[in-house]
Structure formats: structure tokens, C-alpha cells
Amino acid sequence: MKKIKDILNFTETFAPLNSAMDFDNVGLLIGSEDAEVTKAVVALDITDEVIDEALKNSAQLIISHHPVIFEPLKNIARDSVVYRLIENNLNALCLHTNLDLSESFGVNTCLAEAVGVKNIKLVEGECLFVGELENETSNFEFAGSVKKALNCNGIRFTLKDKKIKKIAICSGSGGDYAPLAKSLGADALLTGEIKHHEILDAVKHDIAVVDAGHFKSENIVIKPLTKKLNEEFSDVEFIESVSCTDTIEYL
């Protein structure tokens, strides 16, 4: 029977914990590396719904992208996610910026593949990738293809008529990378979260923006990650979460 440390040893091959950014909190945040695992739920976030899903499936482990413990805890309320994990003897393994930064397999590589950006390279010292579309297109057409590829209910974009080919990518919150994207010669920035003043600054410097939403830009890794884990471990069932959403609706 496999243990959590076996799963950790495998994830180290493509998303080593020591590659995470300094501010981050990654790894086994709740539980024991010696805990045995037969079932695990894979989700972007650990929410009450995801915990319920794990319990329904008799899972011993939840693997998430976003850390269930990020800032120091001053108390642990009975109805909190952390309390519920411990109370139900559920282990929590979190792969955050180490999975973002992975060039072999990670959030940004999965995002790039989904939207047709080729030959992506990580910008040294940053959480930004740069690649190219196979053919030049308008940002309007690119935004439409992103919306379809990520199954977005809505999408924000700018400079719809701008011709683009070189694309900067930062899943999640990456709006502050627009100036760097410009300096690297990118025509557009694809991200999941960008502030108002960052949009204005990007447009001023002729960088097109496609904002797919934080959840949609990162959840793209969950299905391939689940598949990768199932292929590696024949005696552990990894289950892609169906309950984890961003809860956002569009009119």
C-alpha cells in the first residue's frame, strides 16, 4: 500500500517543494507522510464541499493547488476547514507556486497547451512564462479561443483589434507582469486576475490583456494532474473534484 511520502517523492520529480517562492507554504500541511493512501481527491482549493467529497469517497488525502494554511493561524474554529481536516483524519498536500513554476508539467504549461501557446519558457526569477501562437491573430480571436478552451462563462480582454503572436502567461494573479511582458517583447498578457490600474497601464504601453479569471486559469491543471497521478500509482485512486468551483455566476 502506498504512503503519502511515495506521492511526495513523485511530485518532487516535476514540482519540487524547494522551487516554491519564498512567501509560499507548500507540501504536506496537515497529516503524516507515513499515512497510507488508497484514495485521494485532487482540487484547486480545499473547501467544505471538497472535504465532503473526500469523505463521501472514503479518501485519506486531498491534494490541492492553493495552500490550506497560508498565513499564521491565530485560532482554529470548529467549523473551519483546518479543523474539519484534522477531525476527519484527512491529510492535505498542497502544491502551489512550485506547481506554477514547473516547466516540465505545471499550471502554466497546462494553460499554455490548452490555449495553443507553443514553446513556452519560464522567465528567470519570475512566475511568468513567454511563448508564441502558431499563427498571428487578433486579440479578439485569441480571447475567444481562451474562453472556449477554459470553458469560461465570461472573459475580459482589451485591444481587440491588436495583432498578437508572442504571449506572456501567468496563471492566477499576474496583472503586475504587464510591464515585464512589454520589456520581453510580448504582444499580449494572459492571466487570471488583473487590477484596474494594471489594465490601463498595459493598454497605455500597447500590451493586450486577456483575463480568464483566477479559477479558470488555474483549474486547467487539475484534470491532467489527476491523470498523471493515476498513471503513476495503479494502487491509488485519484479523483478529480467535481465540487470545487469559484462560485461566480455571470449575467
# chains A, B, ... in the order shown; residues from 1 in each chain; ligands from 1

$ select_by_dssp --residues "stretch 193-239 of chain A" --states "strand (DSSP E)" --output "list in words"
Glu193, Ala208, Val209, Val210, Asp211, Glu237, Phe238 and Ile239 of chain A

$ write_last_selection --atoms "all heavy atoms" --output "PDB file, in the first residue's frame"
ATOM      1  N   GLU A 193      -6.109  37.254 -13.254  1.00  0.00           N
ATOM      2  CA  GLU A 193      -6.525  38.328 -12.355  1.00  0.00           C
ATOM      3  C   GLU A 193      -5.665  39.558 -12.609  1.00  0.00           C
ATOM      4  O   GLU A 193      -4.439  39.470 -12.572  1.00  0.00           O
ATOM      5  CB  GLU A 193      -6.378  37.872 -10.904  1.00  0.00           C
ATOM      6  CG  GLU A 193      -7.108  38.703  -9.883  1.00  0.00           C
ATOM      7  CD  GLU A 193      -7.071  38.073  -8.494  1.00  0.00           C
ATOM      8  OE1 GLU A 193      -7.206  36.831  -8.406  1.00  0.00           O
ATOM      9  OE2 GLU A 193      -6.891  38.815  -7.524  1.00  0.00           O
ATOM     10  N   ALA A 208      -1.839  43.914 -25.062  1.00  0.00           N
ATOM     11  CA  ALA A 208      -3.198  43.401 -24.977  1.00  0.00           C
ATOM     12  C   ALA A 208      -3.324  42.496 -23.753  1.00  0.00           C
ATOM     13  O   ALA A 208      -2.366  41.836 -23.354  1.00  0.00           O
ATOM     14  CB  ALA A 208      -3.554  42.630 -26.243  1.00  0.00           C
ATOM     15  N   VAL A 209      -4.498  42.487 -23.158  1.00  0.00           N
ATOM     16  CA  VAL A 209      -4.742  41.693 -21.955  1.00  0.00           C
ATOM     17  C   VAL A 209      -5.898  40.726 -22.198  1.00  0.00           C
ATOM     18  O   VAL A 209      -6.899  41.085 -22.806  1.00  0.00           O
ATOM     19  CB  VAL A 209      -5.084  42.602 -20.752  1.00  0.00           C
ATOM     20  CG1 VAL A 209      -5.557  41.774 -19.556  1.00  0.00           C
ATOM     21  CG2 VAL A 209      -3.890  43.460 -20.371  1.00  0.00           C
ATOM     22  N   VAL A 210      -5.732  39.501 -21.714  1.00  0.00           N
ATOM     23  CA  VAL A 210      -6.828  38.542 -21.649  1.00  0.00           C
ATOM     24  C   VAL A 210      -6.898  38.046 -20.209  1.00  0.00           C
ATOM     25  O   VAL A 210      -5.949  37.449 -19.708  1.00  0.00           O
ATOM     26  CB  VAL A 210      -6.635  37.356 -22.611  1.00  0.00           C
ATOM     27  CG1 VAL A 210      -7.771  36.352 -22.437  1.00  0.00           C
ATOM     28  CG2 VAL A 210      -6.562  37.833 -24.053  1.00  0.00           C
ATOM     29  N   ASP A 211      -8.010  38.336 -19.546  1.00  0.00           N
ATOM     30  CA  ASP A 211      -8.219  37.971 -18.147  1.00  0.00           C
ATOM     31  C   ASP A 211      -9.274  36.869 -18.098  1.00  0.00           C
ATOM     32  O   ASP A 211     -10.467  37.128 -18.248  1.00  0.00           O
ATOM     33  CB  ASP A 211      -8.670  39.215 -17.359  1.00  0.00           C
ATOM     34  CG  ASP A 211      -9.023  38.914 -15.908  1.00  0.00           C
ATOM     35  OD1 ASP A 211      -8.876  37.753 -15.487  1.00  0.00           O
ATOM     36  OD2 ASP A 211      -9.435  39.853 -15.206  1.00  0.00           O
ATOM     37  N   GLU A 237      -6.372   5.453  -6.099  1.00  0.00           N
ATOM     38  CA  GLU A 237      -7.348   6.100  -6.987  1.00  0.00           C
ATOM     39  C   GLU A 237      -7.350   7.598  -6.719  1.00  0.00           C
ATOM     40  O   GLU A 237      -7.678   8.043  -5.621  1.00  0.00           O
ATOM     41  CB  GLU A 237      -8.747   5.539  -6.774  1.00  0.00           C
ATOM     42  CG  GLU A 237      -9.786   6.163  -7.700  1.00  0.00           C
ATOM     43  CD  GLU A 237     -11.192   5.657  -7.450  1.00  0.00           C
ATOM     44  OE1 GLU A 237     -11.371   4.826  -6.526  1.00  0.00           O
ATOM     45  OE2 GLU A 237     -12.110   6.096  -8.163  1.00  0.00           O
ATOM     46  N   PHE A 238      -6.989   8.374  -7.728  1.00  0.00           N
ATOM     47  CA  PHE A 238      -7.006   9.834  -7.632  1.00  0.00           C
ATOM     48  C   PHE A 238      -8.261  10.334  -8.334  1.00  0.00           C
ATOM     49  O   PHE A 238      -8.505  10.022  -9.497  1.00  0.00           O
ATOM     50  CB  PHE A 238      -5.754  10.435  -8.256  1.00  0.00           C
ATOM     51  CG  PHE A 238      -4.492  10.083  -7.502  1.00  0.00           C
ATOM     52  CD1 PHE A 238      -3.793   8.918  -7.814  1.00  0.00           C
ATOM     53  CD2 PHE A 238      -4.029  10.888  -6.478  1.00  0.00           C
ATOM     54  CE1 PHE A 238      -2.640   8.574  -7.112  1.00  0.00           C
ATOM     55  CE2 PHE A 238      -2.877  10.555  -5.771  1.00  0.00           C
ATOM     56  CZ  PHE A 238      -2.186   9.393  -6.088  1.00  0.00           C
ATOM     57  N   ILE A 239      -9.047  11.111  -7.611  1.00  0.00           N
ATOM     58  CA  ILE A 239     -10.365  11.530  -8.083  1.00  0.00           C
ATOM     59  C   ILE A 239     -10.371  13.040  -8.307  1.00  0.00           C
ATOM     60  O   ILE A 239     -10.086  13.824  -7.396  1.00  0.00           O
ATOM     61  CB  ILE A 239     -11.448  11.172  -7.046  1.00  0.00           C
ATOM     62  CG1 ILE A 239     -11.417   9.666  -6.760  1.00  0.00           C
ATOM     63  CG2 ILE A 239     -12.828  11.618  -7.519  1.00  0.00           C
ATOM     64  CD1 ILE A 239     -12.137   9.281  -5.475  1.00  0.00           C
TER      65      ILE A 239
END

$ atom_distance --atom1 "atom CA of A:Ser64" --atom2 "atom CA of A:Ile30"
11.9 Å

$ residues_around --residues "A:Ser217" --least-positions-apart "3" --cutoff "6 Å" --atoms "only C-alpha atoms" --output "VMD selection string"
chain A and resid 171 192 212 214

$ write_last_selection --atoms "all heavy atoms" --output "tab-separated table (two decimals), in the first residue's frame"
chain	number	residue	atom	x	y	z
A	171	SER	N	-0.71	32.32	-14.86
A	171	SER	CA	-1.99	31.87	-14.32
A	171	SER	C	-2.24	32.54	-12.97
A	171	SER	O	-1.31	33.01	-12.31
A	171	SER	CB	-1.97	30.35	-14.15
A	171	SER	OG	-0.94	29.97	-13.25
A	192	GLY	N	-5.10	35.44	-14.95
A	192	GLY	CA	-6.39	35.12	-14.35
A	192	GLY	C	-6.92	36.22	-13.46
A	192	GLY	O	-8.05	36.12	-12.97
A	212	ALA	N	-8.82	35.64	-17.88
A	212	ALA	CA	-9.71	34.48	-17.93
A	212	ALA	C	-10.37	34.16	-16.59
A	212	ALA	O	-11.22	33.28	-16.51
A	212	ALA	CB	-8.95	33.26	-18.42
A	214	HIS	N	-9.28	33.93	-12.18
A	214	HIS	CA	-8.28	33.22	-11.38
A	214	HIS	C	-8.54	31.70	-11.40
A	214	HIS	O	-7.63	30.91	-11.68
A	214	HIS	CB	-8.30	33.75	-9.94
A	214	HIS	CG	-7.09	33.38	-9.15
A	214	HIS	ND1	-6.25	34.33	-8.62
A	214	HIS	CD2	-6.57	32.19	-8.79
A	214	HIS	CE1	-5.25	33.73	-7.98
A	214	HIS	NE2	-5.44	32.43	-8.07

$ closest_residue --among "A:His205, A:Lys227, A:His65, A:Lys182" --to "A:Leu28" --atoms "only C-alpha atoms"
A:His65

$ select_by_dssp --residues "stretch 98-186 of chain A" --states "helix (DSSP H, G or I)" --output "NGL selection string"
:A and (98-100 or 107-115 or 139-149 or 175-183)

$ write_last_selection --atoms "C-alpha atoms" --output "PDB file, in the first residue's frame"
ATOM      1  CA  ASN A  98       6.175  25.014  -7.126  1.00  0.00           C
ATOM      2  CA  LEU A  99       3.473  23.715  -9.497  1.00  0.00           C
ATOM      3  CA  ASP A 100       3.101  27.165 -11.101  1.00  0.00           C
ATOM      4  CA  VAL A 107      -0.253  25.104 -14.099  1.00  0.00           C
ATOM      5  CA  ASN A 108       1.208  27.454 -16.692  1.00  0.00           C
ATOM      6  CA  THR A 109       2.352  24.675 -19.007  1.00  0.00           C
ATOM      7  CA  CYS A 110      -1.140  23.164 -18.920  1.00  0.00           C
ATOM      8  CA  LEU A 111      -2.679  26.597 -19.507  1.00  0.00           C
ATOM      9  CA  ALA A 112      -0.379  27.267 -22.462  1.00  0.00           C
ATOM     10  CA  GLU A 113      -1.137  23.898 -24.015  1.00  0.00           C
ATOM     11  CA  ALA A 114      -4.883  24.416 -23.633  1.00  0.00           C
ATOM     12  CA  VAL A 115      -4.862  27.802 -25.410  1.00  0.00           C
ATOM     13  CA  ASN A 139      -6.624  39.610 -29.511  1.00  0.00           C
ATOM     14  CA  PHE A 140     -10.390  39.317 -30.034  1.00  0.00           C
ATOM     15  CA  GLU A 141      -9.923  35.914 -31.700  1.00  0.00           C
ATOM     16  CA  PHE A 142      -7.397  34.810 -29.086  1.00  0.00           C
ATOM     17  CA  ALA A 143      -9.709  35.819 -26.227  1.00  0.00           C
ATOM     18  CA  GLY A 144     -12.492  33.806 -27.856  1.00  0.00           C
ATOM     19  CA  SER A 145     -10.283  30.732 -28.129  1.00  0.00           C
ATOM     20  CA  VAL A 146      -9.243  31.099 -24.463  1.00  0.00           C
ATOM     21  CA  LYS A 147     -12.886  31.385 -23.413  1.00  0.00           C
ATOM     22  CA  LYS A 148     -13.710  28.177 -25.262  1.00  0.00           C
ATOM     23  CA  ALA A 149     -10.614  26.240 -24.152  1.00  0.00           C
ATOM     24  CA  GLY A 175      -1.594  41.604 -13.765  1.00  0.00           C
ATOM     25  CA  ASP A 176       1.536  43.226 -12.369  1.00  0.00           C
ATOM     26  CA  TYR A 177       3.606  41.416 -15.005  1.00  0.00           C
ATOM     27  CA  ALA A 178       2.381  43.628 -17.875  1.00  0.00           C
ATOM     28  CA  PRO A 179       5.481  45.906 -17.816  1.00  0.00           C
ATOM     29  CA  LEU A 180       7.801  42.890 -17.817  1.00  0.00           C
ATOM     30  CA  ALA A 181       5.795  41.318 -20.633  1.00  0.00           C
ATOM     31  CA  LYS A 182       6.289  44.510 -22.640  1.00  0.00           C
ATOM     32  CA  SER A 183      10.039  44.539 -21.999  1.00  0.00           C
TER      33      SER A 183
END

$ residues_around --residues "A:Ser19" --least-positions-apart "6" --cutoff "12 Å" --atoms "only C-alpha atoms" --output "VMD selection string"
chain A and resid 11 to 13 25 to 27 95 to 103 125 to 127

$ residues_around --residues "A:Gly31" --least-positions-apart "2" --cutoff "7 Å" --atoms "only C-alpha atoms" --output "number ranges by chain"
A: 28-29, 33, 90-92

$ write_last_selection --atoms "N, CA, C and O atoms" --output "PDB file, in the first residue's frame"
ATOM      1  N   LEU A  28       3.139  18.835   2.585  1.00  0.00           N
ATOM      2  CA  LEU A  28       2.127  18.196   3.426  1.00  0.00           C
ATOM      3  C   LEU A  28       1.845  19.121   4.605  1.00  0.00           C
ATOM      4  O   LEU A  28       2.616  19.179   5.562  1.00  0.00           O
ATOM      5  N   LEU A  29       0.743  19.850   4.540  1.00  0.00           N
ATOM      6  CA  LEU A  29       0.434  20.856   5.562  1.00  0.00           C
ATOM      7  C   LEU A  29      -0.375  20.288   6.722  1.00  0.00           C
ATOM      8  O   LEU A  29      -0.367  20.836   7.818  1.00  0.00           O
ATOM      9  N   GLU A  33       3.417  11.896   6.564  1.00  0.00           N
ATOM     10  CA  GLU A  33       3.964  11.295   5.348  1.00  0.00           C
ATOM     11  C   GLU A  33       3.852   9.773   5.384  1.00  0.00           C
ATOM     12  O   GLU A  33       3.890   9.118   4.336  1.00  0.00           O
ATOM     13  N   LEU A  90      -8.070  13.617   7.716  1.00  0.00           N
ATOM     14  CA  LEU A  90      -7.748  13.828   6.310  1.00  0.00           C
ATOM     15  C   LEU A  90      -6.406  14.533   6.186  1.00  0.00           C
ATOM     16  O   LEU A  90      -6.147  15.526   6.862  1.00  0.00           O
ATOM     17  N   ASN A  91      -5.554  14.038   5.320  1.00  0.00           N
ATOM     18  CA  ASN A  91      -4.263  14.651   5.055  1.00  0.00           C
ATOM     19  C   ASN A  91      -4.406  15.679   3.929  1.00  0.00           C
ATOM     20  O   ASN A  91      -5.239  15.511   3.025  1.00  0.00           O
ATOM     21  N   ALA A  92      -3.583  16.722   3.962  1.00  0.00           N
ATOM     22  CA  ALA A  92      -3.658  17.782   2.955  1.00  0.00           C
ATOM     23  C   ALA A  92      -2.277  18.059   2.379  1.00  0.00           C
ATOM     24  O   ALA A  92      -1.369  18.499   3.094  1.00  0.00           O
TER      25      ALA A  92
END

$ closest_residue --among "A:Thr226, A:Asn219, A:Thr158, A:Ser32" --to "A:Leu93" --atoms "only C-alpha atoms"
A:Ser32
